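This is upload-v3.cif. It holds mmCIF, C-alpha atoms and all ligand atoms.
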data_target
#
loop_
_atom_site.group_PDB
_atom_site.id
_atom_site.type_symbol
_atom_site.label_atom_id
_atom_site.label_comp_id
_atom_site.auth_asym_id
_atom_site.auth_seq_id
_atom_site.Cartn_x
_atom_site.Cartn_y
_atom_site.Cartn_z
ATOM 1 C CA MET A 10 98.621 -5.509 -34.408
ATOM 2 C CA SER A 11 99.785 -8.186 -36.819
ATOM 3 C CA VAL A 12 97.787 -11.057 -38.269
ATOM 4 C CA GLU A 13 96.677 -13.444 -35.524
ATOM 5 C CA ALA A 14 98.548 -16.721 -35.205
ATOM 6 C CA SER A 15 95.351 -18.729 -35.711
ATOM 7 C CA VAL A 16 94.945 -17.121 -39.153
ATOM 8 C CA TRP A 17 98.431 -17.800 -40.459
ATOM 9 C CA LEU A 18 98.570 -21.257 -38.868
ATOM 10 C CA ASP A 19 95.404 -22.069 -40.794
ATOM 11 C CA ALA A 20 96.975 -20.603 -43.966
ATOM 12 C CA LEU A 21 100.002 -22.833 -43.538
ATOM 13 C CA GLY A 22 97.893 -26.002 -43.855
ATOM 14 C CA ALA A 23 98.437 -29.300 -42.049
ATOM 15 C CA ARG A 24 101.690 -28.796 -40.178
ATOM 16 C CA ARG A 25 102.438 -32.491 -39.794
ATOM 17 C CA ASP A 26 102.721 -32.722 -43.608
ATOM 18 C CA ALA A 27 104.763 -29.540 -44.042
ATOM 19 C CA PRO A 28 108.447 -29.929 -44.932
ATOM 20 C CA ALA A 29 110.726 -29.827 -41.878
ATOM 21 C CA ALA A 30 112.374 -26.619 -43.134
ATOM 22 C CA VAL A 31 108.985 -24.863 -43.177
ATOM 23 C CA ARG A 32 108.067 -26.172 -39.719
ATOM 24 C CA ALA A 33 111.480 -25.051 -38.457
ATOM 25 C CA MET A 34 110.680 -21.465 -39.475
ATOM 26 C CA LEU A 35 107.825 -21.383 -36.969
ATOM 27 C CA ALA A 36 110.255 -21.745 -34.082
ATOM 28 C CA SER A 37 113.189 -19.895 -35.582
ATOM 29 C CA ASP A 38 114.246 -16.435 -34.349
ATOM 30 C CA GLY A 39 113.590 -13.772 -36.974
ATOM 31 C CA ALA A 40 111.956 -16.136 -39.483
ATOM 32 C CA LEU A 41 108.424 -14.839 -38.939
ATOM 33 C CA GLU A 42 108.128 -11.128 -39.694
ATOM 34 C CA PRO A 43 104.806 -9.614 -38.543
ATOM 35 C CA LEU A 44 102.927 -7.538 -41.106
ATOM 36 C CA PRO A 45 102.401 -3.998 -39.755
ATOM 37 C CA ILE A 46 98.990 -2.324 -39.960
ATOM 38 C CA PRO A 47 98.825 -0.748 -43.437
ATOM 39 C CA GLN A 48 99.275 3.014 -43.537
ATOM 40 C CA ALA A 49 97.204 5.350 -45.712
ATOM 41 C CA ARG A 50 97.743 4.690 -49.432
ATOM 42 C CA GLU A 51 99.602 1.420 -48.795
ATOM 43 C CA TRP A 52 98.457 -1.635 -50.736
ATOM 44 C CA LEU A 53 96.285 -3.271 -48.092
ATOM 45 C CA ALA A 54 94.669 0.067 -47.206
ATOM 46 C CA LEU A 55 93.605 0.411 -50.849
ATOM 47 C CA HIS A 56 92.801 -3.214 -51.717
ATOM 48 C CA GLU A 57 90.647 -5.727 -49.884
ATOM 49 C CA GLU A 58 92.581 -8.987 -50.081
ATOM 50 C CA HIS A 59 91.587 -12.172 -48.264
ATOM 51 C CA GLY A 60 94.760 -14.173 -48.640
ATOM 52 C CA GLN A 61 95.517 -17.501 -50.286
ATOM 53 C CA THR A 62 96.120 -20.411 -47.942
ATOM 54 C CA PHE A 63 98.394 -23.316 -48.817
ATOM 55 C CA ASP A 64 95.296 -25.486 -49.270
ATOM 56 C CA ASP A 65 93.718 -22.857 -51.583
ATOM 57 C CA PHE A 66 96.912 -22.919 -53.632
ATOM 58 C CA VAL A 67 97.079 -26.708 -53.941
ATOM 59 C CA ARG A 68 93.425 -26.833 -55.039
ATOM 60 C CA ALA A 69 93.936 -24.161 -57.716
ATOM 61 C CA VAL A 70 97.385 -24.772 -59.156
ATOM 62 C CA VAL A 71 98.560 -27.508 -61.506
ATOM 63 C CA ARG A 72 102.165 -28.641 -61.183
ATOM 64 C CA PRO A 73 104.103 -28.029 -64.416
ATOM 65 C CA PRO A 74 105.124 -31.103 -66.444
ATOM 66 C CA ALA A 75 108.630 -32.415 -65.792
ATOM 67 C CA GLU A 76 109.903 -31.051 -69.110
ATOM 68 C CA ALA A 77 108.715 -27.485 -68.367
ATOM 69 C CA ARG A 78 111.381 -26.426 -65.886
ATOM 70 C CA THR A 79 113.054 -23.491 -67.601
ATOM 71 C CA ILE A 80 112.413 -19.847 -66.805
ATOM 72 C CA TYR A 81 113.009 -17.679 -69.876
ATOM 73 C CA ILE A 82 114.023 -14.065 -69.227
ATOM 74 C CA GLN A 83 113.254 -11.962 -72.277
ATOM 75 C CA PRO A 84 114.684 -8.412 -72.482
ATOM 76 C CA VAL A 85 112.115 -6.241 -74.296
ATOM 77 C CA ASP A 86 113.198 -2.788 -75.496
ATOM 78 C CA THR A 87 115.898 -2.531 -72.817
ATOM 79 C CA ALA A 88 118.637 -0.902 -74.910
ATOM 80 C CA GLY A 89 120.829 1.186 -72.612
ATOM 81 C CA ALA A 90 118.800 0.290 -69.491
ATOM 82 C CA LEU A 91 120.199 -3.146 -68.582
ATOM 83 C CA SER A 92 123.667 -4.461 -69.381
ATOM 84 C CA ASP A 93 124.441 -8.103 -70.171
ATOM 85 C CA THR A 94 126.217 -8.305 -66.798
ATOM 86 C CA CYS A 95 123.118 -7.055 -65.039
ATOM 87 C CA LEU A 96 120.929 -9.598 -66.860
ATOM 88 C CA SER A 97 123.354 -12.412 -65.937
ATOM 89 C CA THR A 98 123.195 -11.361 -62.285
ATOM 90 C CA LEU A 99 119.396 -11.336 -62.333
ATOM 91 C CA ALA A 100 119.380 -14.749 -64.023
ATOM 92 C CA ALA A 101 121.682 -16.151 -61.294
ATOM 93 C CA PHE A 102 119.352 -14.846 -58.589
ATOM 94 C CA THR A 103 116.282 -16.240 -60.366
ATOM 95 C CA ALA A 104 117.881 -19.677 -60.744
ATOM 96 C CA ALA A 105 118.804 -19.743 -57.045
ATOM 97 C CA PHE A 106 115.421 -18.482 -55.862
ATOM 98 C CA PHE A 107 113.250 -20.850 -57.922
ATOM 99 C CA GLN A 108 115.728 -23.718 -58.313
ATOM 100 C CA LEU A 109 114.852 -23.965 -62.000
ATOM 101 C CA LYS A 110 116.978 -23.566 -65.108
ATOM 102 C CA VAL A 111 117.095 -19.968 -66.376
ATOM 103 C CA ARG A 112 117.863 -18.796 -69.894
ATOM 104 C CA VAL A 113 118.304 -15.178 -70.951
ATOM 105 C CA CYS A 114 116.955 -14.681 -74.495
ATOM 106 C CA PRO A 115 118.426 -12.333 -77.112
ATOM 107 C CA PRO A 116 116.937 -8.814 -76.805
ATOM 108 C CA LEU A 117 113.565 -8.206 -78.419
ATOM 109 C CA VAL A 118 112.858 -4.848 -80.057
ATOM 110 C CA LEU A 119 109.151 -4.232 -80.581
ATOM 111 C CA ASP A 120 107.605 -2.195 -83.358
ATOM 112 C CA PRO A 121 106.254 0.902 -81.544
ATOM 113 C CA SER A 122 103.183 0.856 -83.795
ATOM 114 C CA SER A 123 102.254 -2.579 -82.340
ATOM 115 C CA LEU A 124 101.929 -1.159 -78.806
ATOM 116 C CA VAL A 125 99.070 0.741 -77.181
ATOM 117 C CA THR A 126 100.624 3.751 -75.476
ATOM 118 C CA ARG A 127 99.499 6.714 -73.409
ATOM 119 C CA ALA A 128 100.887 9.448 -71.158
ATOM 120 C CA ALA A 129 101.195 8.272 -67.531
ATOM 121 C CA PRO A 130 98.416 9.939 -65.504
ATOM 122 C CA ASP A 131 100.778 10.692 -62.608
ATOM 123 C CA ALA A 132 103.813 11.914 -64.541
ATOM 124 C CA GLY A 133 102.837 12.582 -68.143
ATOM 125 C CA THR A 134 105.677 10.373 -69.378
ATOM 126 C CA PRO A 135 105.147 7.663 -72.053
ATOM 127 C CA GLN A 136 103.648 4.337 -70.986
ATOM 128 C CA VAL A 137 102.998 1.036 -72.767
ATOM 129 C CA TYR A 138 100.035 -1.288 -72.193
ATOM 130 C CA ALA A 139 101.494 -4.360 -70.458
ATOM 131 C CA GLY A 140 98.987 -6.699 -72.157
ATOM 132 C CA ASP A 141 100.561 -6.015 -75.557
ATOM 133 C CA ILE A 142 103.930 -7.268 -74.298
ATOM 134 C CA LEU A 143 102.349 -10.277 -72.543
ATOM 135 C CA ALA A 144 100.581 -11.273 -75.774
ATOM 136 C CA ARG A 145 103.857 -11.097 -77.684
ATOM 137 C CA LEU A 146 105.665 -13.201 -75.061
ATOM 138 C CA TYR A 147 102.890 -15.789 -74.994
ATOM 139 C CA ALA A 148 102.944 -16.101 -78.789
ATOM 140 C CA GLY A 149 106.636 -17.048 -78.642
ATOM 141 C CA LYS A 150 106.580 -19.107 -75.438
ATOM 142 C CA PRO A 151 108.893 -22.160 -75.777
ATOM 143 C CA ALA A 152 107.431 -25.621 -75.146
ATOM 144 C CA ASP A 153 109.835 -26.289 -72.266
ATOM 145 C CA ALA A 154 109.105 -22.992 -70.505
ATOM 146 C CA PHE A 155 108.016 -22.997 -66.886
ATOM 147 C CA CYS A 156 107.294 -19.345 -67.630
ATOM 148 C CA VAL A 157 108.497 -16.423 -69.719
ATOM 149 C CA LEU A 158 109.352 -13.171 -67.951
ATOM 150 C CA GLY A 159 109.842 -10.027 -69.996
ATOM 151 C CA ILE A 160 111.960 -7.237 -68.558
ATOM 152 C CA THR A 161 111.568 -3.842 -70.141
ATOM 153 C CA ALA A 162 112.563 -0.196 -69.880
ATOM 154 C CA HIS A 163 109.019 0.861 -70.832
ATOM 155 C CA ASP A 164 106.862 2.239 -68.055
ATOM 156 C CA LEU A 165 103.771 -0.008 -67.957
ATOM 157 C CA PHE A 166 100.061 0.292 -67.299
ATOM 158 C CA PRO A 167 98.041 -2.895 -66.771
ATOM 159 C CA HIS A 168 94.561 -1.385 -67.139
ATOM 160 C CA PRO A 169 93.158 1.977 -68.271
ATOM 161 C CA ILE A 170 92.142 2.966 -64.732
ATOM 162 C CA VAL A 171 95.473 2.022 -63.112
ATOM 163 C CA SER A 172 98.278 4.611 -63.059
ATOM 164 C CA PHE A 173 101.196 2.230 -63.515
ATOM 165 C CA ALA A 174 102.542 -1.216 -62.668
ATOM 166 C CA PHE A 175 106.014 -2.383 -61.673
ATOM 167 C CA GLY A 176 105.055 -5.693 -63.246
ATOM 168 C CA GLU A 177 102.145 -7.696 -64.610
ATOM 169 C CA ALA A 178 101.774 -11.461 -64.933
ATOM 170 C CA SER A 179 99.281 -14.095 -66.001
ATOM 171 C CA ALA A 180 99.235 -17.225 -63.829
ATOM 172 C CA THR A 181 97.100 -18.996 -66.446
ATOM 173 C CA CYS A 182 99.457 -18.367 -69.375
ATOM 174 C CA ARG A 183 102.617 -18.174 -67.211
ATOM 175 C CA VAL A 184 103.910 -15.079 -68.937
ATOM 176 C CA GLY A 185 104.804 -11.847 -67.190
ATOM 177 C CA VAL A 186 106.661 -8.588 -67.642
ATOM 178 C CA VAL A 187 108.478 -6.292 -65.217
ATOM 179 C CA SER A 188 109.523 -2.708 -65.782
ATOM 180 C CA VAL A 189 112.634 -0.948 -64.522
ATOM 181 C CA ALA A 190 111.327 2.459 -65.672
ATOM 182 C CA ARG A 191 110.377 3.637 -62.181
ATOM 183 C CA TYR A 192 113.676 2.685 -60.560
ATOM 184 C CA GLY A 193 115.282 5.895 -61.834
ATOM 185 C CA PRO A 194 114.396 9.539 -62.621
ATOM 186 C CA PRO A 195 111.855 11.084 -62.878
ATOM 187 C CA PHE A 196 110.079 8.615 -60.558
ATOM 188 C CA CYS A 197 112.967 8.057 -58.202
ATOM 189 C CA GLU A 198 115.711 10.384 -56.989
ATOM 190 C CA ASP A 199 118.343 7.691 -57.467
ATOM 191 C CA ALA A 200 119.830 7.429 -60.903
ATOM 192 C CA PRO A 201 120.154 3.790 -62.017
ATOM 193 C CA GLY A 202 123.778 2.833 -61.590
ATOM 194 C CA ARG A 203 124.425 5.402 -58.874
ATOM 195 C CA HIS A 204 123.260 2.868 -56.323
ATOM 196 C CA PRO A 205 123.753 -0.447 -58.133
ATOM 197 C CA GLY A 206 122.932 -2.456 -55.005
ATOM 198 C CA GLU A 207 119.535 -0.805 -54.628
ATOM 199 C CA MET A 208 118.764 -1.232 -58.325
ATOM 200 C CA ARG A 209 119.771 -4.903 -58.098
ATOM 201 C CA LYS A 210 117.546 -5.509 -55.077
ATOM 202 C CA ARG A 211 114.589 -3.792 -56.742
ATOM 203 C CA CYS A 212 115.003 -5.895 -59.887
ATOM 204 C CA CYS A 213 115.397 -9.126 -57.897
ATOM 205 C CA ARG A 214 112.357 -8.278 -55.798
ATOM 206 C CA VAL A 215 110.039 -7.525 -58.705
ATOM 207 C CA ILE A 216 111.263 -10.481 -60.785
ATOM 208 C CA ALA A 217 110.704 -12.982 -57.949
ATOM 209 C CA HIS A 218 107.320 -11.401 -57.133
ATOM 210 C CA GLU A 219 106.014 -11.665 -60.703
ATOM 211 C CA ILE A 220 107.383 -15.178 -61.232
ATOM 212 C CA GLY A 221 105.723 -16.019 -57.909
ATOM 213 C CA HIS A 222 102.422 -14.865 -59.429
ATOM 214 C CA MET A 223 103.109 -16.973 -62.532
ATOM 215 C CA ALA A 224 103.661 -19.912 -60.187
ATOM 216 C CA GLY A 225 100.117 -19.283 -58.922
ATOM 217 C CA ILE A 226 100.999 -17.547 -55.641
ATOM 218 C CA ALA A 227 98.619 -14.692 -54.810
ATOM 219 C CA HIS A 228 99.426 -11.660 -52.673
ATOM 220 C CA CYS A 229 100.397 -12.476 -49.105
ATOM 221 C CA ILE A 230 98.487 -10.957 -46.176
ATOM 222 C CA TYR A 231 99.991 -13.115 -43.410
ATOM 223 C CA PHE A 232 103.524 -11.786 -42.861
ATOM 224 C CA ARG A 233 106.033 -9.362 -44.290
ATOM 225 C CA CYS A 234 106.804 -11.283 -47.437
ATOM 226 C CA LEU A 235 108.100 -10.911 -50.976
ATOM 227 C CA MET A 236 104.539 -11.626 -52.135
ATOM 228 C CA ASN A 237 103.006 -8.614 -50.315
ATOM 229 C CA GLY A 238 101.299 -6.199 -52.713
ATOM 230 C CA SER A 239 102.741 -2.691 -53.027
ATOM 231 C CA SER A 240 101.337 0.543 -54.364
ATOM 232 C CA SER A 241 104.471 2.695 -54.411
ATOM 233 C CA LEU A 242 108.202 2.387 -54.836
ATOM 234 C CA ALA A 243 108.722 3.099 -51.128
ATOM 235 C CA GLU A 244 106.334 0.296 -50.149
ATOM 236 C CA SER A 245 107.943 -1.999 -52.683
ATOM 237 C CA ASP A 246 111.398 -1.256 -51.242
ATOM 238 C CA ARG A 247 110.174 -2.276 -47.768
ATOM 239 C CA ARG A 248 109.184 -5.755 -48.955
ATOM 240 C CA PRO A 249 111.570 -8.519 -47.926
ATOM 241 C CA LEU A 250 113.611 -10.368 -50.529
ATOM 242 C CA HIS A 251 112.353 -13.717 -49.234
ATOM 243 C CA LEU A 252 109.120 -15.656 -48.764
ATOM 244 C CA CYS A 253 107.161 -16.242 -45.570
ATOM 245 C CA PRO A 254 106.601 -19.904 -44.547
ATOM 246 C CA VAL A 255 103.133 -20.024 -46.161
ATOM 247 C CA ASP A 256 104.423 -19.010 -49.591
ATOM 248 C CA LEU A 257 107.675 -20.920 -49.237
ATOM 249 C CA ARG A 258 105.622 -24.078 -48.728
ATOM 250 C CA LYS A 259 103.599 -23.318 -51.883
ATOM 251 C CA LEU A 260 106.695 -22.842 -54.021
ATOM 252 C CA GLN A 261 108.347 -25.992 -52.686
ATOM 253 C CA TRP A 262 105.161 -28.001 -53.343
ATOM 254 C CA LEU A 263 105.149 -26.721 -56.915
ATOM 255 C CA THR A 264 108.766 -27.274 -57.907
ATOM 256 C CA GLY A 265 109.996 -29.802 -55.314
ATOM 257 C CA PHE A 266 113.285 -27.997 -54.593
ATOM 258 C CA ASP A 267 115.721 -29.070 -51.914
ATOM 259 C CA PHE A 268 115.747 -26.488 -49.101
ATOM 260 C CA THR A 269 119.426 -26.820 -48.268
ATOM 261 C CA GLU A 270 120.470 -26.463 -51.889
ATOM 262 C CA ARG A 271 118.200 -23.450 -52.362
ATOM 263 C CA TYR A 272 119.331 -21.659 -49.206
ATOM 264 C CA SER A 273 122.987 -22.401 -49.985
ATOM 265 C CA ARG A 274 122.750 -20.855 -53.432
ATOM 266 C CA LEU A 275 120.782 -17.839 -52.207
ATOM 267 C CA HIS A 276 123.298 -17.315 -49.421
ATOM 268 C CA GLU A 277 126.137 -17.455 -51.921
ATOM 269 C CA PHE A 278 124.357 -14.929 -54.164
ATOM 270 C CA TRP A 279 123.601 -12.360 -51.453
ATOM 271 C CA HIS A 280 126.985 -12.733 -49.816
ATOM 272 C CA ALA A 281 128.748 -12.153 -53.167
ATOM 273 C CA ALA A 282 126.440 -9.162 -53.722
ATOM 274 C CA GLY A 283 127.578 -7.658 -50.414
ATOM 275 C CA GLU A 284 124.043 -7.715 -49.011
ATOM 276 C CA ALA A 285 124.938 -8.825 -45.486
ATOM 277 C CA PRO A 286 121.433 -8.545 -43.916
ATOM 278 C CA GLU A 287 119.841 -10.816 -46.522
ATOM 279 C CA ALA A 288 122.805 -13.219 -46.440
ATOM 280 C CA GLU A 289 122.460 -13.423 -42.647
ATOM 281 C CA TRP A 290 118.709 -14.056 -42.851
ATOM 282 C CA ILE A 291 119.304 -16.889 -45.318
ATOM 283 C CA ALA A 292 122.140 -18.272 -43.181
ATOM 284 C CA GLY A 293 119.768 -18.408 -40.203
ATOM 285 C CA ARG A 294 117.208 -20.401 -42.176
ATOM 286 C CA LEU A 295 119.892 -22.679 -43.573
ATOM 287 C CA GLN A 296 121.262 -23.559 -40.169
ATOM 288 C CA VAL A 297 117.825 -24.198 -38.651
ATOM 289 C CA ALA A 298 116.625 -26.143 -41.697
ATOM 290 C CA GLY A 299 119.465 -28.584 -41.285
ATOM 291 C CA GLY A 300 122.055 -27.079 -43.560
ATOM 292 C CA MET A 301 124.721 -29.069 -41.797
ATOM 293 C CA GLY A 302 127.559 -29.951 -44.067
ATOM 294 C CA VAL A 303 127.422 -26.531 -45.693
ATOM 295 C CA ASN A 304 130.424 -24.605 -44.497
ATOM 296 C CA LEU A 305 129.022 -21.143 -43.925
ATOM 297 C CA GLY A 306 132.219 -20.181 -42.124
ATOM 298 C CA ALA A 307 134.111 -20.120 -45.394
ATOM 299 C CA ARG A 308 131.753 -17.640 -46.968
ATOM 300 C CA GLY A 309 129.706 -16.475 -43.994
ATOM 301 C CA PRO A 310 127.965 -13.179 -43.515
ATOM 302 C CA ASP A 311 130.143 -10.101 -43.063
HETATM 303 ZN ZN ZN B 1 101.691 -8.619 -57.139
HETATM 304 ZN ZN ZN B 2 103.889 -14.754 -47.748
#

Could you take the file, read its structure, and then write that structure out as structure tokens?
Amino acid sequence: MSVEASVWLDALGARRDAPAAVRAMLASDGALEPLPIPQAREWLALHEEHGQTFDDFVRAVVRPPAEARTIYIQPVDTAGALSDTCLSTLAAFTAAFFQLKVRVCPPLVLDPSSLVTRAAPDAGTPQVYAGDILARLYAGKPADAFCVLGITAHDLFPHPIVSFAFGEASATCRVGVVSVARYGPPFCEDAPGRHPGEMRKRCCRVIAHEIGHMAGIAHCIYFRCLMNGSSSLAESDRRPLHLCPVDLRKLQWLTGFDFTERYSRLHEFWHAAGEAPEAEWIAGRLQVAGGMGVNLGARGPD
């Protein structure tokens, strides 16, 4: 049984004030994806979360100043793990998703002696304390940054009692870091590069999720959504690459993007990436949201 309509309608806030593109999702085939009952060891079976309504979000979050509209992506100790081409692709996705300027910074190599490390409790492999990287990113945060997102090959732990984290972010400081360490052996059967599409989707998913947290968006409990929590790679892989209407409304309130422009650029990205299901989902939203004038036929889903 999924979350009752009365709960998510309340989470969406006053519908008469919601952007037309958000209201259109409520009546659009396939736009609302029910959240299944969590299975044993899935995020919501392990964590009691109460959800963040649109009104909660507006009360808690401060819109960034007009000059702070750049997302900085900072590679941290990524030598050999992420190519420049890969970083450019992730930057293009990030720019389309958030409709903000994105800059990829020169790689940062940290002094190992400046990092708290340990052996991962589940695998025995080396891990780095995420807070050390966040502190370093915050110390160098540019004045015009909407946020700074580190991307690293280190496996991360966010707290001594937590086994690992795919990413960690501070909404207050708007710095975050994601790790690609668990997207390949020994944590995952797939070698990075053997399935470049899967690796790309995992990176896009975790980047958008952590930047979503930096934007002040908490975990989603209303629908299947990019902002759902996850406690394993398998659960993470099941998360959609897009936001539910509740979280889409929050992001649009924060940055003021144009829906048609955003959907057009996301459609272009996923179509070029050969990800037909995601391109089709975006195309559906674009058409319902009033994406008239955008010629999807020329670059439509496969
Ligand atoms: Zn999260
Ligand atoms: Zn959501």

- Residues at most 7 Å from ligand ZN 2 (chain B), using only C-alpha atoms and all ligand atoms? Could they come as a ChimeraX atom specification? /A:229-237,252-256

Go ahead and write the selection's residues with C-alpha atoms as a tab-separated table (two decimals), in the coordinates of the input.
chain	number	residue	atom	x	y	z
A	229	CYS	CA	100.40	-12.48	-49.10
A	230	ILE	CA	98.49	-10.96	-46.18
A	231	TYR	CA	99.99	-13.12	-43.41
A	232	PHE	CA	103.52	-11.79	-42.86
A	233	ARG	CA	106.03	-9.36	-44.29
A	234	CYS	CA	106.80	-11.28	-47.44
A	235	LEU	CA	108.10	-10.91	-50.98
A	236	MET	CA	104.54	-11.63	-52.14
A	237	ASN	CA	103.01	-8.61	-50.32
A	252	LEU	CA	109.12	-15.66	-48.76
A	253	CYS	CA	107.16	-16.24	-45.57
A	254	PRO	CA	106.60	-19.90	-44.55
A	255	VAL	CA	103.13	-20.02	-46.16
A	256	ASP	CA	104.42	-19.01	-49.59

- Item | Selection result for the PyMOL selection byres (((chain A and resi 62) around 12) and not hetatm) on this file, as number ranges by chain | A: 16-23, 59-61, 63-69, 225-231, 254-259

I need the output of the PyMOL selection byres (((not hetatm)) within 12 of (chain B and resi 1)) for this file as a JSON list (two decimals) with C-alpha atoms, in the coordinates of the input; which residues are they?
[["chain", "number", "residue", "atom", "x", "y", "z"],
["A", 52, "TRP", "CA", 98.46, -1.64, -50.74],
["A", 53, "LEU", "CA", 96.28, -3.27, -48.09],
["A", 56, "HIS", "CA", 92.80, -3.21, -51.72],
["A", 58, "GLU", "CA", 92.58, -8.99, -50.08],
["A", 167, "PRO", "CA", 98.04, -2.90, -66.77],
["A", 174, "ALA", "CA", 102.54, -1.22, -62.67],
["A", 175, "PHE", "CA", 106.01, -2.38, -61.67],
["A", 176, "GLY", "CA", 105.06, -5.69, -63.25],
["A", 177, "GLU", "CA", 102.14, -7.70, -64.61],
["A", 178, "ALA", "CA", 101.77, -11.46, -64.93],
["A", 179, "SER", "CA", 99.28, -14.10, -66.00],
["A", 180, "ALA", "CA", 99.24, -17.23, -63.83],
["A", 185, "GLY", "CA", 104.80, -11.85, -67.19],
["A", 186, "VAL", "CA", 106.66, -8.59, -67.64],
["A", 187, "VAL", "CA", 108.48, -6.29, -65.22],
["A", 214, "ARG", "CA", 112.36, -8.28, -55.80],
["A", 215, "VAL", "CA", 110.04, -7.52, -58.70],
["A", 216, "ILE", "CA", 111.26, -10.48, -60.78],
["A", 217, "ALA", "CA", 110.70, -12.98, -57.95],
["A", 218, "HIS", "CA", 107.32, -11.40, -57.13],
["A", 219, "GLU", "CA", 106.01, -11.66, -60.70],
["A", 220, "ILE", "CA", 107.38, -15.18, -61.23],
["A", 221, "GLY", "CA", 105.72, -16.02, -57.91],
["A", 222, "HIS", "CA", 102.42, -14.86, -59.43],
["A", 223, "MET", "CA", 103.11, -16.97, -62.53],
["A", 224, "ALA", "CA", 103.66, -19.91, -60.19],
["A", 225, "GLY", "CA", 100.12, -19.28, -58.92],
["A", 226, "ILE", "CA", 101.00, -17.55, -55.64],
["A", 227, "ALA", "CA", 98.62, -14.69, -54.81],
["A", 228, "HIS", "CA", 99.43, -11.66, -52.67],
["A", 229, "CYS", "CA", 100.40, -12.48, -49.10],
["A", 230, "ILE", "CA", 98.49, -10.96, -46.18],
["A", 234, "CYS", "CA", 106.80, -11.28, -47.44],
["A", 235, "LEU", "CA", 108.10, -10.91, -50.98],
["A", 236, "MET", "CA", 104.54, -11.63, -52.14],
["A", 237, "ASN", "CA", 103.01, -8.61, -50.32],
["A", 238, "GLY", "CA", 101.30, -6.20, -52.71],
["A", 239, "SER", "CA", 102.74, -2.69, -53.03],
["A", 240, "SER", "CA", 101.34, 0.54, -54.36],
["A", 241, "SER", "CA", 104.47, 2.70, -54.41],
["A", 245, "SER", "CA", 107.94, -2.00, -52.68],
["A", 248, "ARG", "CA", 109.18, -5.76, -48.96]]

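Near A:Tyr272, within a cut-off of 9 Å and counting all atoms listed in the file, sit the residues A:Ala105, A:Phe106, A:Asp267, A:Glu277, A:Ile291, A:Ala292, A:Arg294, A:Leu295, A:Gly300, with same-chain residues fewer than 5 positions away left out.
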
Using 9 Å as the limit and counting only C-alpha atoms, can you tabulate each residue of stretch 113-217 of chain A that touches stretch 72-85 of chain A, with its shortest atom-to-atom distance in Å and the two atoms involved, as CSV?
residue,atom,partner,partner_atom,distance
A:Val113,CA,A:Ile82,CA,4.7
A:Cys114,CA,A:Gln83,CA,5.1
A:Pro115,CA,A:Gln83,CA,7.1
A:Pro116,CA,A:Pro84,CA,4.9
A:Leu117,CA,A:Val85,CA,4.8
A:Val118,CA,A:Val85,CA,6.0
A:Leu119,CA,A:Val85,CA,7.2
A:Ile142,CA,A:Val85,CA,8.2
A:Leu146,CA,A:Gln83,CA,8.2
A:Lys150,CA,A:Tyr81,CA,8.6
A:Pro151,CA,A:Tyr81,CA,8.5
A:Ala152,CA,A:Ala77,CA,7.1
A:Asp153,CA,A:Ala77,CA,4.2
A:Ala154,CA,A:Thr79,CA,4.9
A:Phe155,CA,A:Ala77,CA,4.8
A:Cys156,CA,A:Ile80,CA,5.2
A:Val157,CA,A:Tyr81,CA,4.7
A:Leu158,CA,A:Ile82,CA,4.9
A:Gly159,CA,A:Gln83,CA,4.5
A:Ile160,CA,A:Pro84,CA,4.9
A:Thr161,CA,A:Val85,CA,4.8
A:Ala162,CA,A:Val85,CA,7.5
A:His163,CA,A:Val85,CA,8.5
A:Val186,CA,A:Gln83,CA,8.7

- Closest of A:Ala128, A:Ala298, A:Val189, A:Val184 to A:Gly140, counting only C-alpha atoms, is A:Val184

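Straight-line separation from atom CA of A:Glu207 to atom CA of A:Gly283: 11.4 Å.
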
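In this model, the gap between atom CA of A:Pro43 and atom CA of A:Glu287 comes to 17.1 Å.
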